[in-house]
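Trainee: The file below is data_27.cif, mmCIF, C-alpha atoms:
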data_model
#
loop_
_atom_site.label_atom_id
_atom_site.label_comp_id
_atom_site.auth_asym_id
_atom_site.auth_seq_id
_atom_site.Cartn_x
_atom_site.Cartn_y
_atom_site.Cartn_z
CA MET A 1 7.79 -42.13 -25.69
CA VAL A 2 11.40 -42.83 -26.36
CA SER A 3 13.34 -39.97 -27.78
CA THR A 4 14.85 -40.66 -31.14
CA PHE A 5 17.22 -37.75 -30.74
CA LYS A 6 20.74 -38.99 -31.10
CA LEU A 7 23.49 -37.30 -29.15
CA GLN A 8 26.44 -36.39 -31.20
CA THR A 9 29.47 -37.92 -29.58
CA TYR A 10 32.99 -36.76 -29.96
CA PRO A 11 35.73 -39.33 -30.15
CA MET A 12 37.75 -38.90 -26.96
CA ALA A 13 41.43 -39.61 -26.88
CA LYS A 14 42.46 -42.17 -24.32
CA ASN A 15 44.25 -41.08 -21.14
CA THR A 16 42.86 -37.56 -21.35
CA ALA A 17 42.03 -35.69 -18.17
CA PRO A 18 38.40 -34.45 -18.00
CA VAL A 19 39.23 -30.74 -17.97
CA ALA A 20 42.17 -30.59 -20.21
CA TYR A 21 42.34 -28.64 -23.43
CA ASP A 22 40.14 -30.17 -26.06
CA SER A 23 39.96 -28.48 -29.42
CA LYS A 24 36.57 -30.11 -30.08
CA ILE A 25 34.81 -28.21 -27.32
CA GLU A 26 36.80 -25.05 -27.60
CA GLY A 27 34.46 -22.06 -27.64
CA ASN A 28 31.75 -23.89 -25.70
CA VAL A 29 33.46 -23.97 -22.32
CA THR A 30 34.82 -21.00 -20.45
CA PHE A 31 36.91 -21.25 -17.36
CA THR A 32 36.37 -18.55 -14.74
CA LYS A 33 36.12 -17.93 -11.03
CA LEU A 34 32.77 -18.73 -9.45
CA ASP A 35 32.52 -15.23 -7.97
CA ALA A 36 33.17 -13.66 -11.34
CA ALA A 37 30.45 -15.78 -12.94
CA ILE A 38 27.95 -15.04 -10.16
CA ASN A 39 28.72 -11.32 -10.28
CA TRP A 40 28.42 -11.29 -14.05
CA MET A 41 24.95 -12.83 -13.85
CA ARG A 42 23.81 -10.63 -10.97
CA SER A 43 25.04 -7.36 -12.38
CA ASN A 44 23.53 -7.85 -15.81
CA SER A 45 20.02 -8.63 -14.65
CA LEU A 46 19.40 -6.11 -11.91
CA TRP A 47 15.67 -6.00 -11.25
CA PRO A 48 14.82 -2.66 -9.69
CA MET A 49 12.19 -2.05 -7.04
CA PRO A 50 10.89 1.42 -7.97
CA MET A 51 10.35 3.25 -4.68
CA GLY A 52 9.06 6.47 -6.25
CA LEU A 53 8.10 8.87 -3.48
CA ALA A 54 8.28 12.30 -5.12
CA CYS A 55 9.36 14.09 -8.30
CA CYS A 56 12.42 11.82 -8.68
CA GLY A 57 9.89 9.09 -9.41
CA ILE A 58 8.97 10.93 -12.61
CA GLU A 59 12.61 10.88 -13.73
CA LEU A 60 12.71 7.20 -12.81
CA MET A 61 9.74 6.61 -15.11
CA ALA A 62 11.45 8.61 -17.86
CA THR A 63 14.50 6.40 -17.44
CA GLY A 64 12.32 3.38 -18.05
CA ALA A 65 10.64 4.87 -21.10
CA SER A 66 11.79 4.74 -24.69
CA ARG A 67 14.08 7.79 -24.95
CA PHE A 68 16.50 6.71 -22.23
CA ASP A 69 15.60 3.01 -22.29
CA ILE A 70 16.98 1.45 -19.14
CA SER A 71 16.75 -1.99 -20.78
CA ARG A 72 19.92 -1.30 -22.77
CA PHE A 73 21.77 -2.17 -19.57
CA GLY A 74 19.73 -5.15 -18.39
CA MET A 75 17.83 -3.38 -15.63
CA GLU A 76 14.43 -2.83 -17.18
CA VAL A 77 12.47 -5.43 -15.26
CA MET A 78 10.91 -3.11 -12.69
CA ARG A 79 9.20 -5.26 -10.10
CA PHE A 80 6.48 -3.88 -7.90
CA SER A 81 6.92 -6.84 -5.59
CA PRO A 82 9.91 -6.66 -3.26
CA ARG A 83 10.18 -10.45 -3.35
CA GLN A 84 11.31 -10.31 -6.97
CA SER A 85 13.61 -7.30 -6.80
CA ASP A 86 17.37 -6.91 -6.45
CA VAL A 87 17.91 -3.19 -6.15
CA MET A 88 15.66 -0.67 -4.46
CA ILE A 89 15.74 2.75 -6.09
CA VAL A 90 14.62 5.19 -3.40
CA ALA A 91 13.47 8.05 -5.60
CA GLY A 92 12.22 11.03 -3.66
CA THR A 93 11.52 12.60 -0.30
CA VAL A 94 11.28 10.08 2.51
CA THR A 95 8.93 11.46 5.15
CA TYR A 96 8.97 10.03 8.64
CA LYS A 97 5.48 8.71 7.99
CA MET A 98 6.79 6.70 5.03
CA ALA A 99 10.21 5.79 6.45
CA LEU A 100 9.32 2.55 8.21
CA ALA A 101 7.21 1.44 5.24
CA VAL A 102 10.27 1.83 3.00
CA LYS A 103 12.32 -0.17 5.50
CA ARG A 104 9.66 -2.86 5.62
CA ILE A 105 9.68 -3.22 1.83
CA TYR A 106 13.49 -3.38 1.90
CA ASP A 107 13.32 -6.11 4.54
CA GLN A 108 10.99 -8.11 2.30
CA MET A 109 13.49 -8.14 -0.56
CA ALA A 110 15.50 -11.32 -0.95
CA GLU A 111 19.28 -11.30 -0.57
CA PRO A 112 21.44 -10.23 -2.28
CA LYS A 113 20.00 -6.72 -2.44
CA TRP A 114 21.25 -3.23 -3.06
CA VAL A 115 19.93 0.28 -2.51
CA ILE A 116 20.27 3.39 -4.64
CA ALA A 117 19.47 6.77 -3.06
CA MET A 118 18.25 8.79 -6.02
CA GLY A 119 18.38 12.55 -5.65
CA ALA A 120 19.09 15.05 -2.90
CA CYS A 121 16.09 14.16 -0.70
CA ALA A 122 16.74 10.43 -0.52
CA SER A 123 20.46 11.06 0.02
CA SER A 124 20.31 13.74 2.69
CA GLY A 125 16.82 15.16 3.11
CA GLY A 126 17.62 17.70 0.42
CA MET A 127 16.00 21.06 0.84
CA TYR A 128 13.61 19.69 3.46
CA ARG A 129 15.27 20.61 6.74
CA SER A 130 11.93 19.86 8.27
CA TYR A 131 10.19 18.18 11.19
CA ALA A 132 8.50 15.83 8.72
CA VAL A 133 11.35 14.53 6.56
CA LEU A 134 13.94 11.83 7.25
CA GLN A 135 17.38 13.31 6.61
CA GLY A 136 18.57 10.65 4.20
CA ILE A 137 17.46 7.05 3.71
CA ASP A 138 20.95 5.92 4.77
CA GLN A 139 19.78 6.38 8.35
CA LEU A 140 17.61 3.29 7.85
CA LEU A 141 19.05 1.32 4.92
CA PRO A 142 22.60 0.55 3.73
CA VAL A 143 22.92 2.67 0.59
CA ASP A 144 25.26 1.51 -2.18
CA VAL A 145 25.04 4.40 -4.62
CA TYR A 146 24.05 8.03 -4.06
CA ILE A 147 22.91 10.04 -7.06
CA SER A 148 23.07 13.82 -6.83
CA GLY A 149 20.56 16.12 -8.47
CA CYS A 150 17.17 17.61 -7.75
CA PRO A 151 15.90 15.60 -9.49
CA PRO A 152 18.75 13.77 -11.24
CA ARG A 153 18.57 13.46 -15.01
CA PRO A 154 17.78 9.96 -16.32
CA GLU A 155 21.38 9.76 -17.55
CA ALA A 156 22.52 10.25 -13.97
CA LEU A 157 20.34 7.37 -12.81
CA LEU A 158 21.73 5.15 -15.57
CA GLU A 159 25.24 6.19 -14.55
CA GLY A 160 24.38 5.31 -10.96
CA LEU A 161 23.07 1.90 -11.96
CA MET A 162 26.20 1.25 -14.00
CA LYS A 163 28.30 2.28 -11.00
CA LEU A 164 26.34 -0.29 -9.02
CA GLN A 165 27.07 -2.91 -11.68
CA LYS A 166 30.77 -2.10 -11.37
CA LYS A 167 30.47 -2.43 -7.61
CA ILE A 168 28.71 -5.79 -7.86
CA GLU A 169 31.47 -7.04 -10.18
CA THR A 170 34.01 -6.51 -7.40
CA GLU A 171 32.04 -8.42 -4.77
CA GLN A 172 33.54 -11.61 -3.38
CA SER A 173 30.50 -13.32 -1.95
CA PHE A 174 31.76 -16.88 -2.54
CA VAL A 175 35.18 -16.14 -1.09
CA GLU A 176 33.54 -14.49 1.91
CA GLN A 177 31.18 -17.43 2.39
CA LYS A 178 34.09 -19.79 2.24
CA LYS A 179 35.95 -17.81 4.89
CA ALA A 180 32.86 -17.79 7.10
CA LEU A 181 32.40 -21.52 6.62
CA LEU A 182 36.01 -22.24 7.49
CA SER A 183 35.85 -20.14 10.63
CA GLU A 184 32.67 -22.00 11.63
CA ILE A 185 34.33 -25.38 11.18
CA LYS A 186 37.27 -24.28 13.32
CA MET B 1 -24.16 40.89 -5.46
CA ASN B 2 -20.50 41.48 -4.77
CA SER B 3 -18.33 40.92 -1.71
CA THR B 4 -19.12 44.31 -0.24
CA GLU B 5 -22.86 43.77 -0.51
CA ALA B 6 -22.53 40.32 1.01
CA ALA B 7 -20.56 41.78 3.91
CA ASP B 8 -23.17 44.51 4.37
CA ALA B 9 -25.93 41.90 4.42
CA LEU B 10 -24.06 39.93 7.08
CA VAL B 11 -23.44 43.01 9.22
CA ALA B 12 -27.12 43.96 8.96
CA THR B 13 -28.30 40.50 9.95
CA PHE B 14 -25.76 39.61 12.66
CA GLU B 15 -24.93 43.02 14.05
CA ASN B 16 -24.02 41.79 17.53
CA SER B 17 -21.88 38.85 16.39
CA ILE B 18 -19.59 40.68 14.03
CA ILE B 19 -16.46 42.14 15.56
CA SER B 20 -14.93 43.91 12.59
CA THR B 21 -14.96 44.17 8.81
CA VAL B 22 -11.73 44.93 6.97
CA ASN B 23 -11.45 45.82 3.31
CA PHE B 24 -7.91 45.39 2.02
CA ARG B 25 -7.52 45.86 -1.75
CA ASN B 26 -11.11 44.75 -2.27
CA GLU B 27 -10.60 41.60 -0.22
CA ILE B 28 -13.12 41.63 2.58
CA SER B 29 -12.33 39.95 5.88
CA ILE B 30 -15.03 39.66 8.49
CA GLU B 31 -14.15 38.79 12.06
CA ILE B 32 -16.96 37.09 13.92
CA LYS B 33 -17.60 35.66 17.36
CA LEU B 34 -16.98 31.96 17.74
CA GLU B 35 -20.39 31.20 19.28
CA GLN B 36 -22.33 32.39 16.24
CA SER B 37 -19.82 31.17 13.65
CA PHE B 38 -21.84 28.19 12.46
CA GLU B 39 -24.99 30.28 12.26
CA ILE B 40 -23.28 32.99 10.22
CA LEU B 41 -21.53 30.55 7.86
CA SER B 42 -24.83 28.74 7.44
CA TYR B 43 -26.42 32.04 6.45
CA CYS B 44 -23.60 32.65 3.95
CA LYS B 45 -24.21 29.27 2.40
CA GLU B 46 -28.01 29.17 2.36
CA LYS B 47 -29.06 32.80 1.97
CA LEU B 48 -26.07 34.49 0.33
CA ASN B 49 -25.28 31.54 -1.96
CA PHE B 50 -21.64 31.10 -1.00
CA ASP B 51 -21.74 27.57 -2.33
CA TYR B 52 -17.99 26.87 -2.45
CA LEU B 53 -15.65 26.55 0.51
CA ALA B 54 -12.17 27.19 -0.89
CA ASP B 55 -10.21 26.60 2.29
CA ILE B 56 -10.24 26.42 6.05
CA THR B 57 -7.03 27.17 7.80
CA ALA B 58 -5.93 28.25 11.24
CA VAL B 59 -3.42 30.79 12.52
CA ASP B 60 -1.47 30.71 15.77
CA ASN B 61 -1.28 34.21 17.24
CA LEU B 62 0.88 33.24 20.19
CA GLY B 63 0.46 35.76 23.01
CA ASN B 64 -3.02 36.95 22.09
CA ASP B 65 -6.01 36.29 24.34
CA LEU B 66 -7.61 34.30 21.56
CA ARG B 67 -4.51 32.41 20.55
CA TYR B 68 -5.88 30.64 17.49
CA GLU B 69 -7.80 32.06 14.60
CA VAL B 70 -9.78 29.84 12.24
CA VAL B 71 -10.10 31.32 8.75
CA TYR B 72 -12.76 30.34 6.22
CA GLN B 73 -12.28 31.30 2.58
CA ILE B 74 -15.62 31.08 0.83
CA TYR B 75 -16.65 31.78 -2.74
CA SER B 76 -19.93 32.11 -4.54
CA TYR B 77 -20.11 30.67 -8.04
CA GLN B 78 -23.44 32.37 -8.51
CA HIS B 79 -22.14 35.86 -7.73
CA GLY B 80 -18.47 35.33 -8.52
CA CYS B 81 -17.19 36.88 -5.29
CA HIS B 82 -14.99 35.90 -2.38
CA LEU B 83 -15.35 36.39 1.35
CA ARG B 84 -12.94 35.69 4.20
CA ILE B 85 -14.41 34.93 7.59
CA LYS B 86 -12.26 34.72 10.70
CA THR B 87 -13.07 33.61 14.20
CA GLY B 88 -10.87 33.53 17.29
CA VAL B 89 -10.44 30.42 19.42
CA SER B 90 -8.98 30.54 22.90
CA GLU B 91 -6.10 28.39 24.14
CA ALA B 92 -8.34 26.94 26.87
CA ASP B 93 -11.11 25.76 24.53
CA ARG B 94 -9.15 25.05 21.32
CA GLU B 95 -12.44 24.08 19.72
CA ALA B 96 -14.29 25.61 16.79
CA PHE B 97 -17.51 24.43 15.16
CA SER B 98 -17.36 22.06 12.23
CA VAL B 99 -18.97 23.14 8.97
CA VAL B 100 -18.91 19.68 7.38
CA ASP B 101 -22.71 19.75 7.39
CA LEU B 102 -22.63 22.87 5.20
CA TRP B 103 -19.71 22.05 2.90
CA PRO B 104 -18.60 18.38 2.92
CA THR B 105 -15.17 19.48 1.66
CA ALA B 106 -14.56 20.97 5.11
CA ASN B 107 -13.88 17.46 6.38
CA TRP B 108 -10.25 17.27 5.31
CA HIS B 109 -9.56 21.01 5.75
CA GLU B 110 -10.61 20.77 9.39
CA ARG B 111 -8.56 17.63 9.88
CA GLU B 112 -5.52 19.46 8.53
CA ALA B 113 -6.10 22.44 10.82
CA TYR B 114 -6.36 20.00 13.72
CA ASP B 115 -3.25 18.11 12.64
CA MET B 116 -1.08 21.20 12.31
CA LEU B 117 -2.35 23.38 15.17
CA GLY B 118 -4.41 21.19 17.46
CA VAL B 119 -7.68 23.06 17.09
CA THR B 120 -10.55 20.58 17.13
CA PHE B 121 -13.91 21.05 15.42
CA LYS B 122 -17.09 20.24 17.29
CA GLY B 123 -19.41 18.06 15.24
CA HIS B 124 -16.73 16.77 12.90
CA PRO B 125 -17.53 13.16 11.91
CA ASP B 126 -13.90 11.95 11.87
CA MET B 127 -11.56 14.17 13.88
CA ARG B 128 -8.24 12.43 13.16
CA ARG B 129 -4.84 13.61 11.99
CA ILE B 130 -4.49 13.75 8.23
CA LEU B 131 -0.79 14.39 7.44
CA MET B 132 1.16 13.32 10.48
CA TRP B 133 0.63 9.82 11.84
CA GLU B 134 -1.75 8.87 14.63
CA GLY B 135 0.19 9.10 17.86
CA TYR B 136 2.51 11.95 16.84
CA PRO B 137 2.56 14.00 20.05
CA TYR B 138 3.05 17.54 18.67
CA PHE B 139 1.28 20.11 16.53
CA PRO B 140 4.03 21.31 14.22
CA LEU B 141 2.68 24.62 12.93
CA ARG B 142 2.30 26.13 16.38
CA LYS B 143 4.57 29.08 16.98
CA ASP B 144 6.20 27.43 20.01
CA PHE B 145 7.16 24.35 17.97
CA PRO B 146 10.80 24.58 16.86
CA LEU B 147 11.53 24.74 13.14
CA ALA B 148 13.90 21.81 13.45
CA GLY B 149 11.17 19.58 14.85
CA LYS B 150 11.20 17.38 17.93
CA ALA B 151 12.08 13.78 18.58
CA SER B 152 9.24 11.31 18.89
CA GLU B 153 8.87 7.56 18.76
CA MET B 154 5.92 5.34 17.89
CA PRO B 155 7.17 1.74 17.72
CA ASP B 156 6.44 0.12 14.32
CA VAL B 157 4.64 3.23 13.12
CA ALA B 158 7.03 6.15 12.78
CA PHE B 159 9.71 8.13 14.51
CA SER B 160 11.03 11.64 14.12
CA GLU B 161 14.20 13.45 15.03
CA PRO B 162 15.23 17.10 15.09
CA VAL B 163 17.02 18.07 11.90
CA PRO B 164 20.41 19.81 11.74
CA LEU B 165 19.84 23.45 10.83
CA ASP B 166 23.51 24.27 10.37
CA GLY B 167 23.57 28.03 10.11
CA GLY B 168 19.85 28.15 9.44
CA PRO B 169 17.02 28.92 9.42
CA PHE B 170 17.25 30.56 6.04
CA VAL B 171 14.69 33.30 6.46
CA THR B 172 14.45 36.80 5.10
CA SER B 173 14.09 39.91 7.21
CA PRO B 174 12.00 42.83 5.98
CA CYS B 175 14.38 45.79 6.03
CA SER B 176 16.01 48.23 3.63
CA ALA B 177 19.46 46.61 3.81
CA SER B 178 21.09 44.98 0.80
CA THR B 179 20.08 41.54 -0.40
CA ASP B 180 22.95 39.71 1.30
CA LYS B 181 21.89 41.24 4.62
CA ARG B 182 18.21 40.58 4.11
CA GLU B 183 18.66 37.04 2.81
CA PRO B 184 21.89 35.62 4.26
CA ARG B 185 23.07 32.19 3.16
CA SER B 186 23.32 31.30 6.80
CA ARG B 187 22.53 32.84 10.11
CA GLU B 188 22.88 31.65 13.67
CA ILE B 189 19.72 30.46 15.32
CA ILE B 190 18.46 32.92 17.90
CA SER B 191 16.57 30.93 20.49
#
Let me see the file written as structure tokens.

Mentor:
Amino acid sequence: MVSTFKLQTYPMAKNTAPVAYDSKIEGNVTFTKLDAAINWMRSNSLWPMPMGLACCGIELMATGASRFDISRFGMEVMRFSPRQSDVMIVAGTVTYKMALAVKRIYDQMAEPKWVIAMGACASSGGMYRSYAVLQGIDQLLPVDVYISGCPPRPEALLEGLMKLQKKIETEQSFVEQKKALLSEIK
Amino acid sequence: MNSTEAADALVATFENSIISTVNFRNEISIEIKLEQSFEILSYCKEKLNFDYLADITAVDNLGNDLRYEVVYQIYSYQHGCHLRIKTGVSEADREAFSVVDLWPTANWHEREAYDMLGVTFKGHPDMRRILMWEGYPYFPLRKDFPLAGKASEMPDVAFSEPVPLDGGPFVTSPCSASTDKREPRSREIIS
């Protein structure tokens, strides 16, 4: 079936360059850096992987519920599949028995990915100076944001996630890729 | 029937198998010989109606002839009374008798006692570790196991490393000194 929809065409002035100022499309086109655009998209739809291992997991749930409402900041889409997640929130005590399972789930997440160590236990082992507890998830995973507290308040987790957004906004993935590509060509 | 009467009934029936009976603030502990432990616990269950096994745990008395002590906490819903039954296990044997046939809940309690102290239970249907992973080489609640833990490695399963106890362990000492002496924020490890 042939579409009867008719495209509205703007009369173009002759001898005009394709990306020059055009008052007709003003407001519809924004010029920016590619990195800035990518970072803007990434940081405003962070999909967390809730790795709730202890009491911090309860605060994580509270953060997702109505009173604190994590979705105000574009991070509410908690995914229980690592394949669909961007940021792993390690919430709670990481025992040695669980440690490699956490690492395995992290490895299954697609790049780019970030890690938040939520609370004292995930950051440093916390009060568990024990034969059974890994002394901080940063021994296995690269942690981007540490959140203090035992457990941290939901506001602290939101603050941590916003810190992560700020961090993502400063990333220069495209510039770095370009540098890597150039060095490969040489 | 109360705890005292139950203890008296046990002493009357198994006179030669009972080592001692201790009454501390109306909590009665009965120490029995290992060989007759299943028989005595069976009698508690069937004849004295101790229908609920609250806990099985084990104690490491390092240095004693019978190094380990398995402790059964039993309760009777019918009579509303508790009883504590203890039996010594030697370092050479390290084996007590399973009571899973009497109280099915003993299954996981005995696995925990095995996991933490290495005492096995003869007749247990599934004598595996329950908290630590299969292949962990130590029994962490033994007195000769360091508080900081030991390093171990099981490829693709788990690993463990000793933890930094900077200034620890944070333990209290029973004495009449002031609180900051009894419970210091840090103290050098005496090894």

Trainee: Counting all atoms listed in the file, which of B:Leu165, B:Val59, B:Gly80, B:Phe14 gets nearest to Tyr43 of chain B?

Mentor: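 Closest to Tyr43 of chain B of all the choices is B:Phe14.
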
Trainee: Which residues match the PyMOL selection byres ((chain B) within 9 of (chain A)) in the file above, as a list of chain:residue names?

Mentor: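 Answer for the PyMOL selection byres ((chain B) within 9 of (chain A)): B:Leu131, B:Met132, B:Trp133, B:Pro140, B:Pro146, B:Leu147, B:Ala148, B:Gly149, B:Lys150, B:Ala151, B:Asp156, B:Val157, B:Ala158, B:Phe159, B:Ser160, B:Glu161, B:Pro162, B:Val163, B:Pro164, B:Leu165, B:Pro169.
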
Trainee: Using the file's own x, y and z axes, what box holds all listed atoms of segment 135-140 of chain A with 5 Å on each side, keeping edges along x, y and z, and what are its centre and edge lengths in Å to one decimal, as JSON?

Mentor:
{"center_x": 19.2, "center_y": 8.3, "center_z": 6.0, "size_x": 13.6, "size_y": 20.0, "size_z": 14.6}

Trainee: Between atom CA of Val175 of chain A and atom CA of Met75 of chain A, what is the spacing in Å?

Mentor: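 One can read the atom CA of Met75 of chain A to atom CA of Val175 of chain A distance as 26.0 Å.
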
Trainee: How many Å lie between atom CA of Gly135 of chain B and atom CA of Glu110 of chain B, rounded to one decimal?

Mentor: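 Atom CA of Glu110 of chain B lies 18.0 Å from atom CA of Gly135 of chain B.
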
Trainee: Quote the spacing between atom CA of Asp35 of chain A and atom CA of Tyr146 of chain A in Å to one decimal place.

Mentor: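 According to the coordinates, atom CA of Asp35 of chain A and atom CA of Tyr146 of chain A are separated by 25.1 Å.
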
Trainee: Would you list the contacts of Pro112 of chain A as an mmCIF file with C-alpha atoms, keeping the file's coordinate frame, taking every protein, DNA or RNA residue within 8 Å and counting all atoms listed in the file, but skipping same-chain residues closer than 2 positions in sequence?

Mentor:
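Contents of selection.cif, freshly written:
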data_model
loop_
_atom_site.group_PDB
_atom_site.id
_atom_site.type_symbol
_atom_site.label_atom_id
_atom_site.label_comp_id
_atom_site.auth_asym_id
_atom_site.auth_seq_id
_atom_site.Cartn_x
_atom_site.Cartn_y
_atom_site.Cartn_z
ATOM 1 C CA ASP A 86 17.370 -6.910 -6.450
ATOM 2 C CA ALA A 110 15.500 -11.320 -0.950
ATOM 3 C CA TRP A 114 21.250 -3.230 -3.060
#

Trainee: Any idea what's packed within 8 Å of Asn2 of chain B, counting only C-alpha atoms, ignoring anything in its chain fewer than 2 positions away? Could you give it as a PyMOL selection string?

Mentor: chain B and resi 4-6+79-81

Trainee: For Arg94 of chain B, list every protein, DNA or RNA residue within 10 Å, evaluated using all atoms listed in the file, and leave out those in the same chain fewer than 5 positions away; present the list as a PDB file with C-alpha atoms, in the coordinates of the input.

Mentor:
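Saved the output as part30.pdb:
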ATOM      1  CA  LEU B  66      -7.610  34.300  21.560  1.00  0.00           C
ATOM      2  CA  ARG B  67      -4.510  32.410  20.550  1.00  0.00           C
ATOM      3  CA  TYR B  68      -5.880  30.640  17.490  1.00  0.00           C
ATOM      4  CA  GLU B  69      -7.800  32.060  14.600  1.00  0.00           C
ATOM      5  CA  GLY B  88     -10.870  33.530  17.290  1.00  0.00           C
ATOM      6  CA  VAL B  89     -10.440  30.420  19.420  1.00  0.00           C
ATOM      7  CA  TYR B 114      -6.360  20.000  13.720  1.00  0.00           C
ATOM      8  CA  LEU B 117      -2.350  23.380  15.170  1.00  0.00           C
ATOM      9  CA  GLY B 118      -4.410  21.190  17.460  1.00  0.00           C
ATOM     10  CA  VAL B 119      -7.680  23.060  17.090  1.00  0.00           C
ATOM     11  CA  THR B 120     -10.550  20.580  17.130  1.00  0.00           C
ATOM     12  CA  PHE B 121     -13.910  21.050  15.420  1.00  0.00           C
TER      13      PHE B 121
END
